[in-house]
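For reference, start-v9.txt is printed below; it contains compact mmCIF, C-alpha atoms.
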```txt
# COMPACT_ATOMS: atom_id res chain seq x y z
CA MET A 1 -39.26 16.41 32.44
CA ASN A 2 -39.51 13.49 30.04
CA MET A 3 -36.61 11.12 29.51
CA ARG A 4 -35.36 12.95 26.45
CA VAL A 5 -35.10 16.27 28.26
CA LYS A 6 -33.23 14.58 31.13
CA GLU A 7 -30.46 14.01 28.58
CA LEU A 8 -30.30 17.74 27.88
CA VAL A 9 -27.18 19.37 26.46
CA ILE A 10 -26.80 23.14 26.24
CA ILE A 11 -24.33 24.36 23.63
CA LYS A 12 -22.95 27.88 23.72
CA GLY A 13 -22.59 29.03 20.12
CA ALA A 14 -24.29 27.81 16.93
CA GLY A 15 -21.69 28.30 14.21
CA ASP A 16 -20.62 25.48 11.91
CA LEU A 17 -18.51 23.57 14.45
CA ALA A 18 -21.09 24.00 17.22
CA THR A 19 -23.78 22.92 14.75
CA ALA A 20 -21.90 19.71 13.98
CA VAL A 21 -21.80 18.99 17.71
CA GLY A 22 -25.50 19.72 18.17
CA HIS A 23 -26.38 17.70 15.07
CA LYS A 24 -24.49 14.60 16.25
CA LEU A 25 -25.77 14.77 19.83
CA PHE A 26 -29.36 15.24 18.64
CA ARG A 27 -29.11 12.27 16.31
CA SER A 28 -27.63 10.25 19.17
CA GLY A 29 -30.73 10.80 21.34
CA PHE A 30 -29.88 13.90 23.36
CA SER A 31 -32.06 16.98 23.64
CA VAL A 32 -30.08 20.03 22.53
CA ILE A 33 -30.51 23.75 23.16
CA MET A 34 -28.10 26.23 21.57
CA THR A 35 -27.43 29.83 22.58
CA GLU A 36 -26.22 32.68 20.37
CA VAL A 37 -25.68 36.42 20.15
CA SER A 38 -28.25 38.69 18.49
CA GLN A 39 -26.19 39.01 15.28
CA PRO A 40 -24.22 35.80 14.71
CA THR A 41 -21.12 36.30 12.56
CA CYS A 42 -20.66 32.72 11.35
CA VAL A 43 -19.23 32.42 7.84
CA ARG A 44 -20.43 28.93 6.90
CA ARG A 45 -24.07 29.92 7.25
CA GLN A 46 -25.43 27.03 5.18
CA VAL A 47 -24.33 24.58 7.86
CA SER A 48 -24.81 26.79 10.92
CA PHE A 49 -27.93 26.55 13.06
CA ALA A 50 -27.20 30.18 13.98
CA SER A 51 -28.91 31.06 10.69
CA ALA A 52 -32.20 30.38 12.47
CA ILE A 53 -31.66 33.68 14.32
CA TYR A 54 -32.10 35.45 10.98
CA GLU A 55 -34.49 33.05 9.22
CA LYS A 56 -36.59 31.69 12.15
CA THR A 57 -35.86 28.08 11.17
CA TRP A 58 -32.82 26.46 9.59
CA SER A 59 -32.11 22.87 8.58
CA VAL A 60 -28.75 21.13 8.29
CA GLU A 61 -28.54 17.58 6.97
CA GLY A 62 -32.09 16.69 7.97
CA ILE A 63 -32.14 18.31 11.44
CA THR A 64 -34.08 21.55 11.95
CA ALA A 65 -33.33 24.32 14.41
CA GLU A 66 -35.87 26.97 15.35
CA ALA A 67 -35.39 30.34 17.01
CA GLY A 68 -37.15 30.81 20.31
CA GLU A 69 -37.36 33.56 22.90
CA SER A 70 -38.90 32.47 26.19
CA LEU A 71 -38.20 29.35 28.22
CA GLU A 72 -41.74 28.19 27.46
CA GLU A 73 -41.19 28.60 23.72
CA THR A 74 -37.86 26.80 23.99
CA MET A 75 -39.54 23.79 25.59
CA GLN A 76 -42.25 23.81 22.92
CA ILE A 77 -39.59 23.68 20.20
CA LEU A 78 -37.95 20.75 21.97
CA GLY A 79 -41.33 19.04 22.00
CA LYS A 80 -41.56 19.40 18.22
CA GLY A 81 -38.37 17.41 17.79
CA ARG A 82 -36.29 20.44 16.86
CA ILE A 83 -33.26 22.20 18.29
CA PRO A 84 -34.11 25.55 19.92
CA ILE A 85 -31.75 28.46 19.20
CA ILE A 86 -32.07 31.36 21.62
CA ILE A 87 -30.38 34.74 21.91
CA ASP A 88 -28.67 34.31 25.25
CA PRO A 89 -24.96 35.31 25.21
CA GLN A 90 -24.61 34.71 28.95
CA CYS A 91 -26.29 31.27 28.75
CA SER A 92 -28.72 32.36 31.46
CA ILE A 93 -31.15 29.59 30.51
CA GLN A 94 -28.84 27.11 32.24
CA VAL A 95 -29.77 28.68 35.58
CA SER A 96 -33.38 27.63 35.01
CA LEU A 97 -32.83 24.27 33.32
CA GLN A 98 -29.73 22.94 35.09
CA ALA A 99 -28.87 20.77 32.09
CA PRO A 100 -26.38 18.05 33.07
CA TYR A 101 -24.15 18.75 30.05
CA LEU A 102 -22.83 22.09 28.81
CA VAL A 103 -20.54 22.58 25.81
CA ASP A 104 -18.74 25.86 25.15
CA ALA A 105 -18.47 25.87 21.35
CA ILE A 106 -18.06 29.61 20.86
CA LEU A 107 -14.50 29.08 19.54
CA ALA A 108 -13.38 32.46 20.86
CA LYS A 109 -9.83 31.10 21.46
CA LYS A 110 -10.37 32.14 25.07
CA ASN A 111 -12.78 31.39 27.87
CA THR A 112 -15.53 34.03 27.83
CA GLY A 113 -17.00 33.04 31.19
CA THR A 114 -17.64 29.28 31.28
CA LYS A 115 -17.01 27.61 34.64
CA LYS A 116 -16.75 23.97 35.69
CA GLU A 117 -19.58 24.62 38.15
CA ASP A 118 -22.01 25.51 35.33
CA ALA A 119 -23.13 21.89 34.85
CA GLN A 120 -22.37 18.33 35.93
CA VAL A 121 -20.15 17.96 32.86
CA VAL A 122 -18.64 21.02 31.16
CA ILE A 123 -16.76 20.67 27.88
CA GLY A 124 -14.71 23.34 26.13
CA LEU A 125 -13.75 23.28 22.45
CA GLY A 126 -10.28 24.38 21.43
CA PRO A 127 -7.76 26.71 23.07
CA GLY A 128 -8.65 28.91 26.03
CA PHE A 129 -9.76 26.16 28.42
CA THR A 130 -7.89 23.97 30.88
CA ALA A 131 -9.39 20.56 31.63
CA GLY A 132 -9.72 20.00 35.36
CA GLU A 133 -9.72 23.72 36.10
CA ASP A 134 -12.36 25.81 34.27
CA VAL A 135 -13.92 22.85 32.40
CA ASP A 136 -14.03 19.08 32.89
CA ILE A 137 -12.92 18.13 29.38
CA VAL A 138 -11.30 19.92 26.44
CA VAL A 139 -11.70 18.77 22.82
CA GLU A 140 -8.94 19.48 20.30
CA THR A 141 -9.98 21.67 17.35
CA ASN A 142 -6.67 22.10 15.50
CA ARG A 143 -6.34 20.12 12.29
CA GLY A 144 -3.74 17.39 12.48
CA HIS A 145 -3.00 14.21 14.36
CA ASN A 146 -4.89 15.23 17.53
CA LEU A 147 -8.06 16.67 15.95
CA GLY A 148 -11.06 15.57 18.02
CA ARG A 149 -8.91 14.22 20.84
CA ILE A 150 -10.31 14.68 24.35
CA TYR A 151 -8.23 15.94 27.27
CA PHE A 152 -9.10 15.30 30.93
CA GLU A 153 -6.09 17.38 31.96
CA GLY A 154 -4.39 20.32 30.31
CA SER A 155 -5.32 22.37 27.27
CA ALA A 156 -5.78 22.08 23.54
CA GLU A 157 -3.06 23.16 21.13
CA ALA A 158 -2.56 26.93 20.79
CA ASP A 159 -4.25 28.70 17.91
CA THR A 160 -1.88 28.84 14.93
CA GLY A 161 -3.65 31.77 13.30
CA ILE A 162 -3.36 29.93 9.98
CA PRO A 163 -6.54 28.66 8.29
CA GLY A 164 -6.72 24.95 7.53
CA ASP A 165 -5.03 23.76 4.35
CA ILE A 166 -7.50 22.92 1.55
CA ASP A 167 -5.85 21.77 -1.68
CA GLY A 168 -2.70 23.67 -0.71
CA TYR A 169 -4.45 26.96 0.07
CA THR A 170 -4.64 28.51 3.54
CA GLN A 171 -4.75 32.31 3.90
CA GLU A 172 -5.49 32.75 0.18
CA ARG A 173 -8.93 31.18 0.44
CA VAL A 174 -10.11 33.36 3.34
CA LEU A 175 -11.94 36.65 2.69
CA ARG A 176 -11.29 39.43 5.20
CA ALA A 177 -12.76 42.88 5.70
CA PRO A 178 -10.44 45.58 4.29
CA GLN A 179 -11.85 48.17 6.70
CA GLU A 180 -14.61 48.73 9.24
CA GLY A 181 -18.11 49.13 7.90
CA PHE A 182 -21.32 47.46 6.84
CA ILE A 183 -21.01 44.55 4.46
CA ARG A 184 -23.02 43.95 1.29
CA HIS A 185 -22.57 41.07 -1.07
CA MET A 186 -22.30 40.93 -4.84
CA LYS A 187 -22.16 37.13 -4.83
CA ASN A 188 -23.90 34.36 -2.94
CA ILE A 189 -22.77 31.24 -1.12
CA GLY A 190 -22.35 28.51 -3.75
CA ASP A 191 -21.35 30.88 -6.58
CA ARG A 192 -18.23 30.14 -8.59
CA VAL A 193 -15.65 32.92 -8.63
CA SER A 194 -12.38 33.70 -10.39
CA VAL A 195 -9.24 35.31 -9.00
CA SER A 196 -9.78 39.03 -8.26
CA GLU A 197 -13.54 38.82 -8.80
CA VAL A 198 -15.42 41.15 -6.44
CA ILE A 199 -17.47 39.18 -3.94
CA SER A 200 -18.50 41.86 -1.44
CA PHE A 201 -18.07 45.47 -0.40
CA VAL A 202 -17.30 46.76 3.08
CA GLY A 203 -18.39 50.35 2.83
CA GLU A 204 -16.98 51.30 -0.57
CA GLN A 205 -14.01 48.95 -0.40
CA PRO A 206 -14.23 45.76 -2.51
CA VAL A 207 -13.47 42.28 -1.23
CA GLN A 208 -11.94 40.19 -4.01
CA ALA A 209 -11.40 36.47 -4.38
CA GLY A 210 -7.79 35.41 -3.87
CA ILE A 211 -8.28 32.07 -5.62
CA GLU A 212 -10.65 30.40 -8.05
CA GLY A 213 -13.35 28.22 -6.54
CA LEU A 214 -16.78 28.05 -4.92
CA ILE A 215 -17.90 30.49 -2.24
CA ARG A 216 -18.31 28.16 0.72
CA GLY A 217 -19.23 30.80 3.25
CA LEU A 218 -20.17 34.46 3.64
CA ILE A 219 -21.05 36.38 6.77
CA HIS A 220 -24.66 37.62 6.90
CA GLU A 221 -25.23 40.76 4.84
CA GLY A 222 -25.72 44.05 6.65
CA ILE A 223 -23.50 43.26 9.62
CA TYR A 224 -21.02 45.89 10.76
CA VAL A 225 -17.58 44.28 10.56
CA LYS A 226 -14.15 45.25 11.83
CA SER A 227 -11.03 45.56 9.70
CA GLY A 228 -9.35 42.18 9.20
CA MET A 229 -12.38 40.21 10.31
CA LYS A 230 -13.06 36.95 8.48
CA ILE A 231 -16.11 37.48 6.29
CA GLY A 232 -15.97 34.65 3.77
CA ASP A 233 -14.33 31.51 2.46
CA VAL A 234 -13.61 30.27 -1.06
CA ASP A 235 -13.25 26.51 -1.54
CA PRO A 236 -10.78 25.63 -4.33
CA ARG A 237 -12.17 22.09 -4.69
CA GLY A 238 -15.25 23.39 -6.50
CA ASN A 239 -17.57 20.71 -5.12
CA PHE A 240 -21.03 22.15 -4.39
CA GLU A 241 -21.79 19.29 -1.98
CA TYR A 242 -19.17 20.64 0.41
CA VAL A 243 -21.04 23.96 0.67
CA ASN A 244 -24.14 22.36 2.16
CA SER A 245 -22.63 19.61 4.29
CA ILE A 246 -20.85 19.47 7.64
CA SER A 247 -17.07 19.46 7.20
CA ASP A 248 -14.73 16.60 8.04
CA LYS A 249 -13.14 18.75 10.75
CA ALA A 250 -16.49 19.55 12.35
CA ARG A 251 -17.61 15.90 12.33
CA ASN A 252 -14.36 14.89 14.02
CA ILE A 253 -14.80 17.46 16.77
CA ALA A 254 -18.44 16.47 17.23
CA GLY A 255 -17.35 12.86 17.65
CA GLY A 256 -14.95 13.94 20.38
CA VAL A 257 -17.74 15.72 22.25
CA LEU A 258 -20.05 12.70 22.01
CA GLU A 259 -17.25 10.45 23.23
CA ALA A 260 -16.54 12.79 26.15
CA ILE A 261 -20.19 12.85 27.22
CA MET A 262 -20.55 9.08 26.97
CA ILE A 263 -17.38 8.52 29.02
CA LYS A 264 -18.73 10.75 31.78
CA LYS A 265 -22.23 9.28 31.48
CA ASN A 266 -20.87 5.75 31.88
CA GLY A 267 -18.46 6.65 34.66
CA ARG A 268 -15.33 5.83 32.66
CA LYS A 269 -12.17 7.71 31.84
```
Would it be possible to restate this file's structure as structure tokens?
Amino acid sequence: MNMRVKELVIIKGAGDLATAVGHKLFRSGFSVIMTEVSQPTCVRRQVSFASAIYEKTWSVEGITAEAGESLEETMQILGKGRIPIIIDPQCSIQVSLQAPYLVDAILAKKNTGTKKEDAQVVIGLGPGFTAGEDVDIVVETNRGHNLGRIYFEGSAEADTGIPGDIDGYTQERVLRAPQEGFIRHMKNIGDRVSVSEVISFVGEQPVQAGIEGLIRGLIHEGIYVKSGMKIGDVDPRGNFEYVNSISDKARNIAGGVLEAIMIKKNGRK
């Protein structure tokens, strides 16, 4: 392995928060591999490396991710100066690579199988992990005073179930599936919408905008969704730049992960 690959970080998940982590670590000199499911359900697709699963390659703020299949192809993508994205829900590639750093950025609000023994340093994002037990470090993901804070003991704050406040809107800005079914879109990410305007259909049921603003995110078309599932996001600020850039929350969390890795790397606490 060359020096860059020795500094390898494997990230489970490639949604917008995981992408911010991968983006920051890559820019900071680490090699990054990200794992995903076969049909990622991320909403903020413009800033999610998971989109490479559908599009083969995907760029976010100057960094490109590329979908790979085999270990050999993954290493070739690394050699091109890109971030490999592989379909590997169980993160089996870690068995072969033994990367020193592993980050669980699935944001499932629970631990889906990550263990402290999986790597030299294991980091969990958000609730569902306990630092010192199933992971080494937990990074806070709830908005507020502690966002991005790292914990060497204990857990992150419990999930509130309430979307982050943007210009006074929380639940109103989130689009949810009214029933189970396949989703098709009438609008695109970046489109401006008015209150009650139809954005998508789940089966024959319409999904309407609850507020006026820009569509900041939409789940990939054609996915089978469950009733109540988050499928989109309307940003009331109306700034198109926010659609295509990593969010303040995501950058904060990514900074926490980088700090955590550097503390461990330098033998500090």
For Gly68 in chain A, find every residue with an atom within 10 Å (counting only C-alpha atoms), except residues of its own chain fewer than 6 positions away, and show them as a list in words.
Ala52, Ile53, Lys56, Thr57, Thr74, Met75, Gln76, Ile77, Ile83, Pro84, Ile85, Ile86 and Ile87 of chain A
Given only C-alpha atoms, how would the per-residue table for range 46-69 of chain A near range 13-27 of chain A read, listing every residue at most 7 Å away with its closest atom pair and distance in Å to one decimal, sorted by chain and number, as JSON lines?
```
{"residue": "A:Val47", "atom": "CA", "partner": "A:Asp16", "partner_atom": "CA", "distance": 5.6}
{"residue": "A:Ser48", "atom": "CA", "partner": "A:Asp16", "partner_atom": "CA", "distance": 4.5}
{"residue": "A:Phe49", "atom": "CA", "partner": "A:Ala14", "partner_atom": "CA", "distance": 5.5}
{"residue": "A:Ala50", "atom": "CA", "partner": "A:Ala14", "partner_atom": "CA", "distance": 4.8}
{"residue": "A:Ile63", "atom": "CA", "partner": "A:His23", "partner_atom": "CA", "distance": 6.8}
```
Residues as selected, C-alpha atoms, written as a PDB file, keeping the file's coordinate frame, can you do that?
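Output file out.pdb follows:
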```pdb
ATOM      1  CA  VAL A  47     -24.330  24.580   7.860  1.00  0.00           C
ATOM      2  CA  SER A  48     -24.810  26.790  10.920  1.00  0.00           C
ATOM      3  CA  PHE A  49     -27.930  26.550  13.060  1.00  0.00           C
ATOM      4  CA  ALA A  50     -27.200  30.180  13.980  1.00  0.00           C
ATOM      5  CA  ILE A  63     -32.140  18.310  11.440  1.00  0.00           C
TER       6      ILE A  63
END
```
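A straight line drawn from CA of Gly124 in chain A to CA of Arg143 in chain A is 16.5 Å long.
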**Message:** Using all atoms listed in the file, which protein or nucleic acid residues come within 10 Å of Pro100 in chain A? Drop anything in the same chain fewer than 2 positions from it, and give the result as an MDAnalysis selection string.
**Reply:** chainID A and resid 6:10 94 97:98 102 118:122 261 265
Shortest contact to Gly126 in chain A, candidates A:Cys91, A:Ala260, A:Ile253, A:Ala99, atoms counted all atoms listed in the file, goes to A:Ile253
CA of Val60 in chain A to CA of Ile246 in chain A, distance in Å rounded to a single decimal: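 That distance, rounded to one decimal, is 8.1 Å.
With distances taken over all atoms listed in the file, A:Pro236 is the one residue among A:Gly267, A:Pro236, A:Pro89, A:Gly62 lying closest to Gly168 in chain A.
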* Using all atoms listed in the file, pick whichever of A:Gln90, A:Asn244, A:Gln179, A:Ser59 has the shortest atom-to-atom distance to Phe201 in chain A. =>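 Among the listed residues, the smallest separation from Phe201 in chain A belongs to A:Gln179.
Once Tyr224 in chain A and its same-chain neighbours fewer than 4 positions away are set aside, Gly181, Phe182 and Ile183 of chain A remain within 7 Å of it when counting only C-alpha atoms.
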Please write as a count of residues only the list of polymer residues whose atoms come within 12 Å of (-9.7, 14.7, 17.3), counting all atoms listed in the file and keeping to the coordinates of the file.
31
Taken to one decimal, the CA of Ser245 in chain A-CA of Ser196 in chain A distance is 26.5 Å
